[in-house]
file data_35.cif (mmCIF, C-alpha atoms)
data_run
#
loop_
_atom_site.label_atom_id
_atom_site.label_comp_id
_atom_site.auth_asym_id
_atom_site.auth_seq_id
_atom_site.Cartn_x
_atom_site.Cartn_y
_atom_site.Cartn_z
CA MET E 1 78.92 116.46 43.39
CA LYS E 2 76.63 117.18 46.29
CA MET E 3 75.31 115.38 49.35
CA ILE E 4 71.64 116.07 49.98
CA THR E 5 70.59 115.37 53.57
CA ALA E 6 66.94 115.57 54.55
CA TYR E 7 65.33 115.20 57.96
CA ILE E 8 61.81 114.00 57.26
CA ARG E 9 58.77 112.32 58.80
CA HIS E 10 58.74 108.54 58.58
CA GLU E 11 55.58 108.59 56.45
CA ALA E 12 57.33 110.63 53.77
CA PHE E 13 60.11 108.18 53.17
CA GLU E 14 58.45 105.52 51.03
CA PRO E 15 56.92 107.90 48.43
CA ILE E 16 60.25 109.73 48.20
CA ARG E 17 62.22 106.51 47.78
CA GLU E 18 59.85 105.31 45.07
CA GLU E 19 59.96 108.50 43.05
CA LEU E 20 63.73 108.86 43.38
CA LEU E 21 64.09 105.30 42.06
CA THR E 22 61.73 106.05 39.15
CA LYS E 23 63.72 109.17 38.29
CA GLY E 24 67.03 107.32 38.28
CA PHE E 25 68.32 108.05 41.78
CA PRO E 26 68.39 104.66 43.47
CA SER E 27 71.33 105.37 45.78
CA ILE E 28 70.08 106.52 49.13
CA SER E 29 70.76 105.83 52.76
CA VAL E 30 68.40 106.24 55.67
CA CYS E 31 68.89 106.34 59.42
CA GLU E 32 66.66 106.81 62.47
CA VAL E 33 67.38 110.02 64.37
CA LYS E 34 65.63 112.21 66.88
CA GLY E 35 65.20 115.86 66.14
CA SER E 36 63.72 119.06 67.34
CA GLY E 37 62.98 122.19 65.40
CA ARG E 38 60.85 125.26 65.73
CA GLN E 39 58.09 123.15 67.23
CA ARG E 40 60.31 123.05 70.34
CA GLY E 41 58.68 120.08 71.97
CA ILE E 42 55.25 118.70 72.59
CA THR E 43 53.77 118.84 76.09
CA GLU E 44 51.45 116.04 77.09
CA GLN E 45 49.66 115.05 80.26
CA TYR E 46 50.94 111.79 81.68
CA ARG E 47 49.50 110.48 84.96
CA GLY E 48 48.64 113.99 86.08
CA SER E 49 51.97 115.58 85.19
CA SER E 50 52.98 117.68 82.23
CA VAL E 51 55.72 115.97 80.26
CA THR E 52 57.47 117.83 77.47
CA ASN E 53 59.10 115.75 74.82
CA TYR E 54 61.60 117.90 72.97
CA LEU E 55 62.75 115.29 70.51
CA ARG E 56 60.65 113.62 67.87
CA PRO E 57 61.64 110.61 65.77
CA LYS E 58 62.70 111.55 62.27
CA LEU E 59 64.37 109.83 59.38
CA LYS E 60 67.63 111.18 58.06
CA LEU E 61 67.78 110.57 54.33
CA GLU E 62 71.02 110.97 52.43
CA CYS E 63 71.40 111.04 48.67
CA ALA E 64 74.60 111.83 46.79
CA VAL E 65 74.08 113.24 43.31
CA ALA E 66 75.80 115.05 40.48
CA THR E 67 75.51 118.82 40.91
CA GLU E 68 73.13 119.12 37.96
CA ASP E 69 70.70 116.74 39.67
CA VAL E 70 70.39 118.54 43.01
CA GLN E 71 67.23 120.45 42.16
CA ALA E 72 65.42 117.37 40.86
CA VAL E 73 66.08 115.47 44.09
CA VAL E 74 65.24 118.45 46.32
CA ASP E 75 61.95 118.86 44.45
CA VAL E 76 61.01 115.21 45.01
CA ILE E 77 61.69 115.54 48.74
CA LEU E 78 59.81 118.85 49.07
CA GLN E 79 56.82 117.46 47.21
CA HIS E 80 56.39 114.31 49.29
CA ALA E 81 57.62 115.49 52.69
CA ARG E 82 55.49 118.63 53.00
CA THR E 83 52.32 118.39 55.09
CA GLY E 84 52.28 122.11 55.92
CA ASN E 85 52.54 121.41 59.64
CA VAL E 86 55.44 122.10 61.96
CA GLY E 87 57.86 119.21 61.97
CA ASP E 88 58.06 118.66 58.22
CA GLY E 89 61.83 118.90 58.51
CA LYS E 90 64.70 120.43 56.58
CA ILE E 91 66.97 119.73 53.64
CA PHE E 92 70.69 120.54 53.52
CA VAL E 93 72.99 120.53 50.48
CA GLN E 94 76.74 120.09 50.99
CA ALA E 95 79.68 119.68 48.64
CA ILE E 96 81.34 116.32 48.02
CA GLU E 97 84.95 116.52 46.87
CA GLN E 98 85.49 112.92 45.86
CA THR E 99 83.56 109.65 45.68
CA TYR E 100 84.52 106.02 45.18
CA ARG E 101 82.42 103.02 44.15
CA ILE E 102 83.95 100.33 46.33
CA ARG E 103 83.08 97.40 44.05
CA THR E 104 85.06 98.72 41.10
CA GLY E 105 87.33 101.32 42.63
CA GLU E 106 85.95 103.91 40.20
CA SER E 107 85.96 107.47 41.45
CA GLY E 108 84.22 110.71 40.50
CA GLU E 109 80.83 111.50 39.06
CA VAL E 110 80.52 108.16 37.26
CA THR E 111 79.92 106.57 40.65
CA LEU E 112 76.73 108.59 41.05
CA GLN E 113 75.22 107.87 37.66
CA LEU E 114 72.59 105.36 36.80
CA HIS E 115 71.90 105.27 33.11
CA PRO E 116 68.19 104.88 32.29
CA GLU E 117 68.98 101.79 30.21
CA ALA E 118 70.33 100.19 33.33
CA SER E 119 66.88 99.94 34.84
CA GLY E 120 66.77 96.21 34.87
CA GLU E 121 70.30 95.48 35.87
CA VAL E 122 70.96 93.78 39.15
CA HIS E 123 74.68 93.54 38.75
CA GLY E 124 75.55 97.21 38.18
CA MET G 1 90.98 118.39 56.95
CA LYS G 2 88.52 115.96 55.41
CA MET G 3 85.64 113.79 56.56
CA ILE G 4 85.64 110.37 54.92
CA THR G 5 82.25 108.66 55.01
CA ALA G 6 81.89 105.08 53.81
CA TYR G 7 78.78 102.95 53.45
CA ILE G 8 79.97 99.38 53.81
CA ARG G 9 78.88 95.83 54.53
CA HIS G 10 78.91 94.86 58.20
CA GLU G 11 81.52 92.15 57.57
CA ALA G 12 83.97 94.74 56.28
CA PHE G 13 83.98 96.86 59.39
CA GLU G 14 86.22 94.90 61.73
CA PRO G 15 89.15 94.43 59.32
CA ILE G 16 88.93 98.11 58.38
CA ARG G 17 88.86 99.22 62.01
CA GLU G 18 91.85 97.05 62.84
CA GLU G 19 93.99 98.26 59.97
CA LEU G 20 93.07 101.92 60.54
CA LEU G 21 94.12 101.53 64.17
CA THR G 22 97.39 99.88 63.15
CA LYS G 23 98.08 102.71 60.70
CA GLY G 24 97.46 105.40 63.30
CA PHE G 25 93.84 106.32 62.59
CA PRO G 26 91.99 105.27 65.72
CA SER G 27 89.28 107.93 65.55
CA ILE G 28 86.23 106.54 63.81
CA SER G 29 82.52 106.50 64.32
CA VAL G 30 80.06 103.92 63.07
CA CYS G 31 76.28 103.87 62.75
CA GLU G 32 73.68 101.41 61.47
CA VAL G 33 71.86 102.64 58.36
CA LYS G 34 69.79 101.17 55.59
CA GLY G 35 70.75 101.81 52.04
CA SER G 36 70.00 101.05 48.46
CA GLY G 37 72.20 101.46 45.45
CA ARG G 38 72.39 100.17 41.94
CA GLN G 39 71.25 96.78 43.11
CA ARG G 40 67.84 98.44 43.49
CA GLY G 41 66.33 95.87 45.78
CA ILE G 42 66.22 92.16 46.19
CA THR G 43 63.05 90.27 45.31
CA GLU G 44 62.30 87.16 47.30
CA GLN G 45 59.44 84.71 47.46
CA TYR G 46 57.64 84.82 50.77
CA ARG G 47 54.57 82.60 51.32
CA GLY G 48 53.81 82.59 47.63
CA SER G 49 54.21 86.32 47.07
CA SER G 50 57.07 88.30 45.63
CA VAL G 51 58.45 90.72 48.17
CA THR G 52 61.00 93.31 47.14
CA ASN G 53 63.22 94.69 49.82
CA TYR G 54 64.74 97.92 48.54
CA LEU G 55 66.84 98.70 51.56
CA ARG G 56 69.71 96.65 52.90
CA PRO G 57 71.45 97.10 56.25
CA LYS G 58 74.78 98.88 55.93
CA LEU G 59 77.26 100.44 58.27
CA LYS G 60 78.08 104.10 57.89
CA LEU G 61 81.70 104.62 58.86
CA GLU G 62 83.07 108.11 59.47
CA CYS G 63 86.72 109.03 59.83
CA ALA G 64 88.09 112.57 60.02
CA VAL G 65 91.67 112.94 58.85
CA ALA G 66 94.27 115.47 57.79
CA THR G 67 94.11 116.11 54.05
CA GLU G 68 97.41 114.33 53.44
CA ASP G 69 96.00 111.13 54.99
CA VAL G 70 92.85 110.82 52.86
CA GLN G 71 94.31 108.42 50.33
CA ALA G 72 95.72 106.09 52.98
CA VAL G 73 92.33 105.76 54.68
CA VAL G 74 90.44 105.40 51.39
CA ASP G 75 92.84 102.64 50.36
CA VAL G 76 92.24 100.71 53.58
CA ILE G 77 88.48 100.90 53.08
CA LEU G 78 88.65 99.92 49.40
CA GLN G 79 90.88 96.97 50.18
CA HIS G 80 88.74 95.44 52.90
CA ALA G 81 85.24 96.43 51.75
CA ARG G 82 85.46 95.14 48.20
CA THR G 83 83.91 91.78 47.43
CA GLY G 84 83.27 92.58 43.76
CA ASN G 85 79.54 92.11 44.17
CA VAL G 86 76.83 94.73 43.99
CA GLY G 87 76.26 96.29 47.37
CA ASP G 88 79.89 96.87 48.30
CA GLY G 89 79.01 100.49 48.98
CA LYS G 90 80.50 103.91 48.40
CA ILE G 91 83.00 106.32 49.91
CA PHE G 92 82.57 110.10 50.05
CA VAL G 93 85.17 112.73 50.91
CA GLN G 94 84.03 116.12 52.21
CA ALA G 95 85.83 119.18 53.54
CA ILE G 96 85.99 119.98 57.24
CA GLU G 97 86.54 123.65 58.03
CA GLN G 98 87.25 123.38 61.73
CA THR G 99 87.59 120.74 64.42
CA TYR G 100 87.73 120.79 68.21
CA ARG G 101 88.93 118.16 70.67
CA ILE G 102 86.39 118.63 73.46
CA ARG G 103 88.63 117.36 76.28
CA THR G 104 91.27 120.03 75.76
CA GLY G 105 89.50 122.65 73.68
CA GLU G 106 92.27 122.35 71.07
CA SER G 107 91.24 123.09 67.50
CA GLY G 108 92.63 122.40 64.05
CA GLU G 109 94.64 119.58 62.59
CA VAL G 110 96.30 118.67 65.89
CA THR G 111 92.96 117.21 66.98
CA LEU G 112 93.22 114.61 64.20
CA GLN G 113 96.76 113.48 64.84
CA LEU G 114 97.91 110.42 66.66
CA HIS G 115 101.65 110.26 66.83
CA PRO G 116 103.04 106.75 66.31
CA GLU G 117 104.87 107.00 69.61
CA ALA G 118 101.51 107.46 71.29
CA SER G 119 100.54 103.89 70.46
CA GLY G 120 100.31 102.77 74.00
CA GLU G 121 98.71 105.76 75.55
CA VAL G 122 95.28 105.46 77.03
CA HIS G 123 95.06 108.99 78.29
CA GLY G 124 95.61 110.97 75.08
CA MET X 1 75.74 128.41 56.78
CA LYS X 2 77.52 125.67 58.67
CA MET X 3 76.75 122.19 59.95
CA ILE X 4 78.17 121.56 63.40
CA THR X 5 78.57 117.86 64.19
CA ALA X 6 79.60 116.78 67.67
CA TYR X 7 80.37 113.31 69.00
CA ILE X 8 79.63 113.48 72.71
CA ARG X 9 78.91 111.41 75.81
CA HIS X 10 75.24 110.65 76.40
CA GLU X 11 75.28 112.57 79.70
CA ALA X 12 76.29 115.76 77.93
CA PHE X 13 73.34 115.84 75.60
CA GLU X 14 70.55 117.14 77.82
CA PRO X 15 72.42 120.17 79.21
CA ILE X 16 73.57 121.04 75.70
CA ARG X 17 70.06 120.73 74.27
CA GLU X 18 68.63 122.91 77.02
CA GLU X 19 71.17 125.69 76.64
CA LEU X 20 70.97 125.66 72.84
CA LEU X 21 67.19 126.03 73.13
CA THR X 22 67.57 128.90 75.62
CA LYS X 23 70.02 130.63 73.28
CA GLY X 24 67.70 130.35 70.30
CA PHE X 25 69.05 127.24 68.60
CA PRO X 26 66.21 124.74 68.88
CA SER X 27 66.97 122.85 65.66
CA ILE X 28 69.10 119.85 66.40
CA SER X 29 69.22 116.20 65.50
CA VAL X 30 70.73 113.38 67.49
CA CYS X 31 71.66 109.81 66.64
CA GLU X 32 73.23 106.87 68.49
CA VAL X 33 76.64 105.91 67.15
CA LYS X 34 79.64 103.96 68.32
CA GLY X 35 83.00 105.57 68.27
CA SER X 36 86.62 105.17 69.14
CA GLY X 37 89.25 107.81 69.59
CA ARG X 38 92.61 108.18 71.20
CA GLN X 39 91.41 106.05 74.08
CA ARG X 40 91.70 103.13 71.62
CA GLY X 41 89.53 100.69 73.50
CA ILE X 42 88.94 99.54 77.01
CA THR X 43 90.15 96.12 78.10
CA GLU X 44 88.10 94.31 80.71
CA GLN X 45 88.23 90.89 82.29
CA TYR X 46 85.25 88.75 81.35
CA ARG X 47 85.04 85.16 82.63
CA GLY X 48 88.79 84.94 82.87
CA SER X 49 89.56 86.39 79.47
CA SER X 50 90.67 89.84 78.46
CA VAL X 51 88.11 91.47 76.22
CA THR X 52 88.92 94.74 74.51
CA ASN X 53 86.00 96.85 73.45
CA TYR X 54 87.23 99.31 70.86
CA LEU X 55 83.94 101.10 70.34
CA ARG X 56 82.05 103.10 72.92
CA PRO X 57 78.50 104.40 72.58
CA LYS X 58 78.38 108.08 71.73
CA LEU X 59 75.74 110.52 70.61
CA LYS X 60 76.16 112.30 67.32
CA LEU X 61 74.63 115.74 67.61
CA GLU X 62 74.01 117.85 64.52
CA CYS X 63 73.09 121.52 64.51
CA ALA X 64 72.86 123.71 61.40
CA VAL X 65 73.44 127.40 62.04
CA ALA X 66 74.20 130.70 60.33
CA THR X 67 77.94 131.25 60.03
CA GLU X 68 77.88 134.04 62.61
CA ASP X 69 76.43 131.64 65.20
CA VAL X 70 79.04 128.87 64.92
CA GLN X 71 81.17 130.02 67.83
CA ALA X 72 78.19 130.37 70.18
CA VAL X 73 77.07 126.80 69.51
CA VAL X 74 80.61 125.38 69.69
CA ASP X 75 81.08 127.12 73.05
CA VAL X 76 77.89 125.58 74.46
CA ILE X 77 79.03 122.11 73.38
CA LEU X 78 82.58 122.55 74.71
CA GLN X 79 81.28 123.83 78.04
CA HIS X 80 78.87 120.98 78.73
CA ALA X 81 80.64 118.07 77.03
CA ARG X 82 84.03 118.47 78.65
CA THR X 83 84.87 116.24 81.60
CA GLY X 84 88.62 116.38 81.01
CA ASN X 85 88.84 112.63 80.51
CA VAL X 86 89.59 110.73 77.33
CA GLY X 87 86.42 110.08 75.39
CA ASP X 88 84.93 113.57 75.61
CA GLY X 89 84.61 113.56 71.86
CA LYS X 90 85.11 115.95 68.97
CA ILE X 91 83.36 118.74 67.11
CA PHE X 92 83.47 119.26 63.35
CA VAL X 93 82.34 122.30 61.38
CA GLN X 94 81.42 121.89 57.71
CA ALA X 95 79.97 124.21 55.09
CA ILE X 96 76.34 124.02 54.00
CA GLU X 97 75.65 125.37 50.53
CA GLN X 98 71.87 125.45 50.61
CA THR X 99 69.03 124.69 53.00
CA TYR X 100 65.28 124.27 52.63
CA ARG X 101 62.52 124.38 55.22
CA ILE X 102 60.22 121.67 53.91
CA ARG X 103 57.00 123.07 55.41
CA THR X 104 57.22 126.35 53.53
CA GLY X 105 59.69 125.66 50.76
CA GLU X 106 61.80 128.61 51.98
CA SER X 107 65.52 128.34 51.35
CA GLY X 108 68.66 129.98 52.69
CA GLU X 109 69.60 131.39 56.03
CA VAL X 110 66.03 132.26 57.01
CA THR X 111 65.43 128.53 57.50
CA LEU X 112 68.00 128.52 60.31
CA GLN X 113 66.69 131.51 62.22
CA LEU X 114 64.49 131.54 65.25
CA HIS X 115 63.59 135.05 66.25
CA PRO X 116 63.65 135.55 70.03
CA GLU X 117 60.07 136.83 69.93
CA ALA X 118 59.06 133.46 68.53
CA SER X 119 59.83 131.77 71.83
CA GLY X 120 56.30 130.72 72.51
CA GLU X 121 55.26 129.70 69.06
CA VAL X 122 54.39 126.12 68.36
CA HIS X 123 53.48 126.60 64.73
CA GLY X 124 56.67 128.18 63.36
#

call {"tool": "encode", "arguments": {"input": "data_35.cif", "output": "structure tokens"}}
result
Amino acid sequence: MKMITAYIRHEAFEPIREELLTKGFPSISVCEVKGSGRQRGITEQYRGSSVTNYLRPKLKLECAVATEDVQAVVDVILQHARTGNVGDGKIFVQAIEQTYRIRTGESGEVTLQLHPEASGEVHG
Amino acid sequence: MKMITAYIRHEAFEPIREELLTKGFPSISVCEVKGSGRQRGITEQYRGSSVTNYLRPKLKLECAVATEDVQAVVDVILQHARTGNVGDGKIFVQAIEQTYRIRTGESGEVTLQLHPEASGEVHG
Amino acid sequence: MKMITAYIRHEAFEPIREELLTKGFPSISVCEVKGSGRQRGITEQYRGSSVTNYLRPKLKLECAVATEDVQAVVDVILQHARTGNVGDGKIFVQAIEQTYRIRTGESGEVTLQLHPEASGEVHG
């Protein structure tokens, strides 16, 4: 089991969320962060002074998946988050040793699965 | 050493925090996130239109513990976060390779311990 | 490759960010969290009642680096985040199995590097 964490532009989130849902990965979490990368800050003129803003707003997207599904999720993120400009962000993959679904107490990979036939369920 | 990360309902946080403190696990961090899971979104009527909200506010709770304490912390979270309804959230356990207590520069498992006799200390 | 996560005081962030940038580690992310540690809460008088606030605002700083650079980044954080008082925070080091730079699709350690000669680039 792996945790995929992506730092992305806000605009990229909705298309990623939609395609992950379509492909059977509805379980995500998202959080506002500020980040800097190789762009190192953007200098603007403000009332006659140069102001350098080193941190830009980003979304931190987290998605826990079975190991066999990592590439599919990474590909969705790469496809929708890439503009080709600096600031597109990064993706990190880290190991998860154990998971629990709180509602049922189930643990392990079953907690990460959404069977295709479950598409319509709202009680799962 | 393990990092336990739980995505929970807001209502579950305070009872979890209290019991973790009582059991000697005072070191937690909490952050507002938005998440979706198997519930896949809630569709509501708003001014005659159907609006589906795919993301629900959750709290992301993090607690770093010695490996031998993982089950105790997971049990506290499961007990207080479970309502039996969709949206109760998930728990993930991940390895931590090294830790540092910034105040003292100490590293390793000692940074995660709170001895029971330390209950009253406010300088530890 | 390692993810370094530090929970620090707000005042510590700017000196840490500046020195990390100077030392060639411009890629960081930061997020507002609330945390508690061994300090266990601060009790104040408010309109005649004792109110204990168990959670204090902290910044969660994340920095992904090549394994050989972990100590350099930890040292920068320890140096600037330490006041010697309770509440200085903690640092955690966790493994990263894979990384991707979204802009280029590159993966692996190259996504974490900033060559010194790239100092002036704004397109990297």

call {"tool": "resolve_selection", "arguments": {"input": "data_35.cif", "expression": "the PyMOL selection byres ((chain X) within 10 of (chain E))", "output": "VMD selection string"}}
result
chain X and resid 1 to 3 17 to 18 21 24 to 32 60 to 64 94 to 108 111 to 114 118 to 124

call {"tool": "write_last_selection", "arguments": {"input": "data_35.cif", "atoms": "C-alpha atoms", "output": "JSON list (two decimals), in the frame of the given file"}}
result
[["chain", "number", "residue", "atom", "x", "y", "z"],
["X", 1, "MET", "CA", 75.74, 128.41, 56.78],
["X", 2, "LYS", "CA", 77.52, 125.67, 58.67],
["X", 3, "MET", "CA", 76.75, 122.19, 59.95],
["X", 17, "ARG", "CA", 70.06, 120.73, 74.27],
["X", 18, "GLU", "CA", 68.63, 122.91, 77.02],
["X", 21, "LEU", "CA", 67.19, 126.03, 73.13],
["X", 24, "GLY", "CA", 67.70, 130.35, 70.30],
["X", 25, "PHE", "CA", 69.05, 127.24, 68.60],
["X", 26, "PRO", "CA", 66.21, 124.74, 68.88],
["X", 27, "SER", "CA", 66.97, 122.85, 65.66],
["X", 28, "ILE", "CA", 69.10, 119.85, 66.40],
["X", 29, "SER", "CA", 69.22, 116.20, 65.50],
["X", 30, "VAL", "CA", 70.73, 113.38, 67.49],
["X", 31, "CYS", "CA", 71.66, 109.81, 66.64],
["X", 32, "GLU", "CA", 73.23, 106.87, 68.49],
["X", 60, "LYS", "CA", 76.16, 112.30, 67.32],
["X", 61, "LEU", "CA", 74.63, 115.74, 67.61],
["X", 62, "GLU", "CA", 74.01, 117.85, 64.52],
["X", 63, "CYS", "CA", 73.09, 121.52, 64.51],
["X", 64, "ALA", "CA", 72.86, 123.71, 61.40],
["X", 94, "GLN", "CA", 81.42, 121.89, 57.71],
["X", 95, "ALA", "CA", 79.97, 124.21, 55.09],
["X", 96, "ILE", "CA", 76.34, 124.02, 54.00],
["X", 97, "GLU", "CA", 75.65, 125.37, 50.53],
["X", 98, "GLN", "CA", 71.87, 125.45, 50.61],
["X", 99, "THR", "CA", 69.03, 124.69, 53.00],
["X", 100, "TYR", "CA", 65.28, 124.27, 52.63],
["X", 101, "ARG", "CA", 62.52, 124.38, 55.22],
["X", 102, "ILE", "CA", 60.22, 121.67, 53.91],
["X", 103, "ARG", "CA", 57.00, 123.07, 55.41],
["X", 104, "THR", "CA", 57.22, 126.35, 53.53],
["X", 105, "GLY", "CA", 59.69, 125.66, 50.76],
["X", 106, "GLU", "CA", 61.80, 128.61, 51.98],
["X", 107, "SER", "CA", 65.52, 128.34, 51.35],
["X", 108, "GLY", "CA", 68.66, 129.98, 52.69],
["X", 111, "THR", "CA", 65.43, 128.53, 57.50],
["X", 112, "LEU", "CA", 68.00, 128.52, 60.31],
["X", 113, "GLN", "CA", 66.69, 131.51, 62.22],
["X", 114, "LEU", "CA", 64.49, 131.54, 65.25],
["X", 118, "ALA", "CA", 59.06, 133.46, 68.53],
["X", 119, "SER", "CA", 59.83, 131.77, 71.83],
["X", 120, "GLY", "CA", 56.30, 130.72, 72.51],
["X", 121, "GLU", "CA", 55.26, 129.70, 69.06],
["X", 122, "VAL", "CA", 54.39, 126.12, 68.36],
["X", 123, "HIS", "CA", 53.48, 126.60, 64.73],
["X", 124, "GLY", "CA", 56.67, 128.18, 63.36]]

call {"tool": "calpha_fit_and_write", "arguments": {"input": "data_35.cif", "fixed": "chain E", "moving": "chain X", "output": "compact mmCIF listing (two decimals) with C-alpha atoms, in the frame of the given file"}}
result
# COMPACT_ATOMS: atom_id res chain seq x y z
CA MET X 1 78.92 116.47 43.40
CA LYS X 2 76.62 117.19 46.30
CA MET X 3 75.30 115.37 49.35
CA ILE X 4 71.63 116.06 49.98
CA THR X 5 70.59 115.37 53.58
CA ALA X 6 66.93 115.57 54.54
CA TYR X 7 65.31 115.22 57.96
CA ILE X 8 61.79 114.02 57.26
CA ARG X 9 58.74 112.34 58.79
CA HIS X 10 58.72 108.56 58.56
CA GLU X 11 55.57 108.61 56.41
CA ALA X 12 57.32 110.65 53.75
CA PHE X 13 60.10 108.20 53.16
CA GLU X 14 58.45 105.54 51.02
CA PRO X 15 56.93 107.91 48.42
CA ILE X 16 60.25 109.74 48.20
CA ARG X 17 62.22 106.52 47.76
CA GLU X 18 59.86 105.31 45.05
CA GLU X 19 59.97 108.51 43.03
CA LEU X 20 63.74 108.87 43.37
CA LEU X 21 64.10 105.31 42.05
CA THR X 22 61.74 106.05 39.14
CA LYS X 23 63.73 109.18 38.30
CA GLY X 24 67.03 107.32 38.28
CA PHE X 25 68.32 108.06 41.77
CA PRO X 26 68.38 104.66 43.45
CA SER X 27 71.32 105.37 45.77
CA ILE X 28 70.08 106.52 49.12
CA SER X 29 70.75 105.83 52.75
CA VAL X 30 68.39 106.25 55.66
CA CYS X 31 68.88 106.34 59.41
CA GLU X 32 66.64 106.81 62.46
CA VAL X 33 67.35 110.02 64.35
CA LYS X 34 65.60 112.21 66.86
CA GLY X 35 65.18 115.84 66.14
CA SER X 36 63.70 119.07 67.33
CA GLY X 37 62.97 122.20 65.39
CA ARG X 38 60.85 125.27 65.71
CA GLN X 39 58.10 123.15 67.20
CA ARG X 40 60.32 123.03 70.32
CA GLY X 41 58.69 120.06 71.96
CA ILE X 42 55.27 118.69 72.60
CA THR X 43 53.81 118.80 76.09
CA GLU X 44 51.48 115.99 77.09
CA GLN X 45 49.72 115.01 80.27
CA TYR X 46 51.02 111.75 81.69
CA ARG X 47 49.60 110.43 84.98
CA GLY X 48 48.74 113.92 86.09
CA SER X 49 52.04 115.53 85.20
CA SER X 50 53.03 117.62 82.24
CA VAL X 51 55.75 115.93 80.25
CA THR X 52 57.48 117.79 77.46
CA ASN X 53 59.11 115.70 74.80
CA TYR X 54 61.59 117.89 72.98
CA LEU X 55 62.75 115.28 70.49
CA ARG X 56 60.62 113.62 67.85
CA PRO X 57 61.61 110.61 65.75
CA LYS X 58 62.67 111.57 62.26
CA LEU X 59 64.34 109.84 59.36
CA LYS X 60 67.60 111.18 58.05
CA LEU X 61 67.76 110.57 54.33
CA GLU X 62 71.01 110.97 52.43
CA CYS X 63 71.37 111.04 48.67
CA ALA X 64 74.59 111.84 46.79
CA VAL X 65 74.06 113.25 43.31
CA ALA X 66 75.80 115.08 40.48
CA THR X 67 75.51 118.83 40.89
CA GLU X 68 73.13 119.12 37.95
CA ASP X 69 70.69 116.74 39.66
CA VAL X 70 70.39 118.56 43.00
CA GLN X 71 67.23 120.46 42.14
CA ALA X 72 65.43 117.37 40.85
CA VAL X 73 66.08 115.47 44.08
CA VAL X 74 65.24 118.46 46.31
CA ASP X 75 61.95 118.87 44.43
CA VAL X 76 61.00 115.22 45.00
CA ILE X 77 61.69 115.57 48.73
CA LEU X 78 59.82 118.88 49.05
CA GLN X 79 56.82 117.49 47.18
CA HIS X 80 56.39 114.35 49.27
CA ALA X 81 57.61 115.54 52.68
CA ARG X 82 55.48 118.64 52.97
CA THR X 83 52.32 118.44 55.05
CA GLY X 84 52.29 122.14 55.90
CA ASN X 85 52.54 121.46 59.62
CA VAL X 86 55.45 122.15 61.93
CA GLY X 87 57.85 119.23 61.96
CA ASP X 88 58.06 118.68 58.21
CA GLY X 89 61.81 118.92 58.49
CA LYS X 90 64.70 120.43 56.58
CA ILE X 91 66.97 119.75 53.63
CA PHE X 92 70.68 120.54 53.51
CA VAL X 93 72.97 120.53 50.48
CA GLN X 94 76.72 120.08 51.00
CA ALA X 95 79.66 119.68 48.65
CA ILE X 96 81.32 116.32 48.04
CA GLU X 97 84.93 116.51 46.89
CA GLN X 98 85.48 112.91 45.88
CA THR X 99 83.55 109.65 45.69
CA TYR X 100 84.51 106.02 45.21
CA ARG X 101 82.42 103.03 44.18
CA ILE X 102 83.94 100.33 46.35
CA ARG X 103 83.07 97.40 44.06
CA THR X 104 85.06 98.73 41.13
CA GLY X 105 87.35 101.31 42.66
CA GLU X 106 85.96 103.91 40.22
CA SER X 107 85.95 107.48 41.46
CA GLY X 108 84.20 110.71 40.52
CA GLU X 109 80.83 111.49 39.08
CA VAL X 110 80.50 108.16 37.27
CA THR X 111 79.92 106.55 40.68
CA LEU X 112 76.72 108.59 41.05
CA GLN X 113 75.22 107.84 37.67
CA LEU X 114 72.60 105.30 36.81
CA HIS X 115 71.95 105.20 33.11
CA PRO X 116 68.25 104.84 32.29
CA GLU X 117 69.00 101.76 30.18
CA ALA X 118 70.37 100.13 33.32
CA SER X 119 66.90 99.95 34.83
CA GLY X 120 66.76 96.21 34.91
CA GLU X 121 70.27 95.46 35.96
CA VAL X 122 70.91 93.80 39.26
CA HIS X 123 74.66 93.59 38.92
CA GLY X 124 75.57 97.24 38.31

call {"tool": "atom_distance", "arguments": {"input": "data_35.cif", "atom1": "CA of Val65 in chain G", "atom2": "CA of Glu109 in chain G"}}
result
8.2 Å

call {"tool": "atom_distance", "arguments": {"input": "data_35.cif", "atom1": "CA of Asp69 in chain X", "atom2": "CA of Thr43 in chain E"}}
result
28.2 Å

call {"tool": "atom_distance", "arguments": {"input": "data_35.cif", "atom1": "CA of Ala72 in chain G", "atom2": "CA of Glu14 in chain G"}}
result
17.1 Å
